[in-house]
Amino acid sequence: MLSELLKEDYIQLDISVENFDEAIKASAQPLLTADVIENEYISSILSIYHEIGPYIVITKQIALPHAPIEKGAKKLALGFTRLERPVISGHESNDPVKFLFPLSAPDNESHISLLSELAELLGNKDFLELLGRMTEKKELIAFLKKFEGENNYA
């Protein structure tokens with residue numbers, strides 16, 4: 001599933017940003033360009049982050065930018081952005097953030113299996129090492145396809 005939803009066009013490597021707000025905006029830009037989300041969706045992520053804190057920082061160095069479905073999510077999609085330099089989000093135990101997986105979910109159910117698969121990957125040290133060292137986008141797609149084949153995800 002991830003290899004189908006995380007398209008090469010949604011992957012960005014070594015993006016330079018000054019702060020966490022810029023990181024969120026930059027990570028979501030490919031989804032906006034592909035018409036998967038609306039500008040309102042990015043604004044909503046930022047608004048919620050400023051209201052309640054770094055709710056999207058899900059583990060060490062990793063953020064999952066997302067917002068409520070009614071805020072402009074059009075299609076199910078996942079992106080990936082690796083920052084050139086990590087940024088501080090304000091999360092005590094998981095900062096700094098270097099990797100962002102922006103998520104667009106147009107309903108309350110379609111993304112559940114995607115998140116389950118991503119959670120399993122985030123516990124895989126080979127996957128985490130790949131995120132830091134890959135030089136080409138296709139390396140990530142190839143890893144996902146191999147992982148899905150080994151684990152019978154489709």
# chains A, B, ... in the order shown; residues from 1 in each chain; ligands from 1
>>> closest_atom_pairs(of="region 49-121 of chain A", to="region 141-153 of chain A", cutoff="12 Å", atoms="only C-alpha atoms", output="Markdown table")
| residue | atom | partner | partner_atom | distance |
| --- | --- | --- | --- | --- |
| A:Gly79 | CA | A:Ile141 | CA | 11.4 |
| A:Phe80 | CA | A:Ile141 | CA | 10.8 |
| A:Ser113 | CA | A:Tyr153 | CA | 9.5 |
| A:Leu114 | CA | A:Tyr153 | CA | 9.9 |
| A:Ser116 | CA | A:Tyr153 | CA | 10.7 |
| A:Glu117 | CA | A:Tyr153 | CA | 8.2 |
| A:Leu118 | CA | A:Leu144 | CA | 9.8 |
| A:Glu120 | CA | A:Phe147 | CA | 10.1 |
| A:Leu121 | CA | A:Phe147 | CA | 8.4 |
>>> residues_around(residues="region 26-30 of chain A", least_positions_apart="6", cutoff="8 Å", atoms="only C-alpha atoms", output="MDAnalysis selection string")
chainID A and resid 9:12 15 17 42 65 79:81 100:102
>>> closest_residue(among="A:Ile48, A:Ala105, A:Val87, A:Ala34", to="Gly72 (chain A)", atoms="only C-alpha atoms")
A:Ala105
>>> residues_around(residues="Asp95 (chain A)", least_positions_apart="5", cutoff="7 Å", atoms="only C-alpha atoms", output="JSON list (two decimals) with C-alpha atoms, in the first residue's frame")
[["chain", "number", "residue", "atom", "x", "y", "z"],
["A", 60, "LYS", "CA", 12.41, 10.49, 17.54],
["A", 61, "GLN", "CA", 13.21, 12.71, 14.56],
["A", 88, "ILE", "CA", 13.19, 21.96, 16.67],
["A", 89, "SER", "CA", 9.44, 21.33, 16.96],
["A", 90, "GLY", "CA", 9.09, 21.81, 20.70]]
>>> residues_around(residues="Asp14 (chain A)", least_positions_apart="4", cutoff="10 Å", atoms="only C-alpha atoms", output="list in words")
Thr81, Arg82, Leu83, Glu84, Arg85, Pro86, Lys98, Phe99, Gly132 and Thr135 of chain A
>>> atom_distance(atom1="CA of Ser43 (chain A)", atom2="CA of Ile62 (chain A)")
19.9 Å
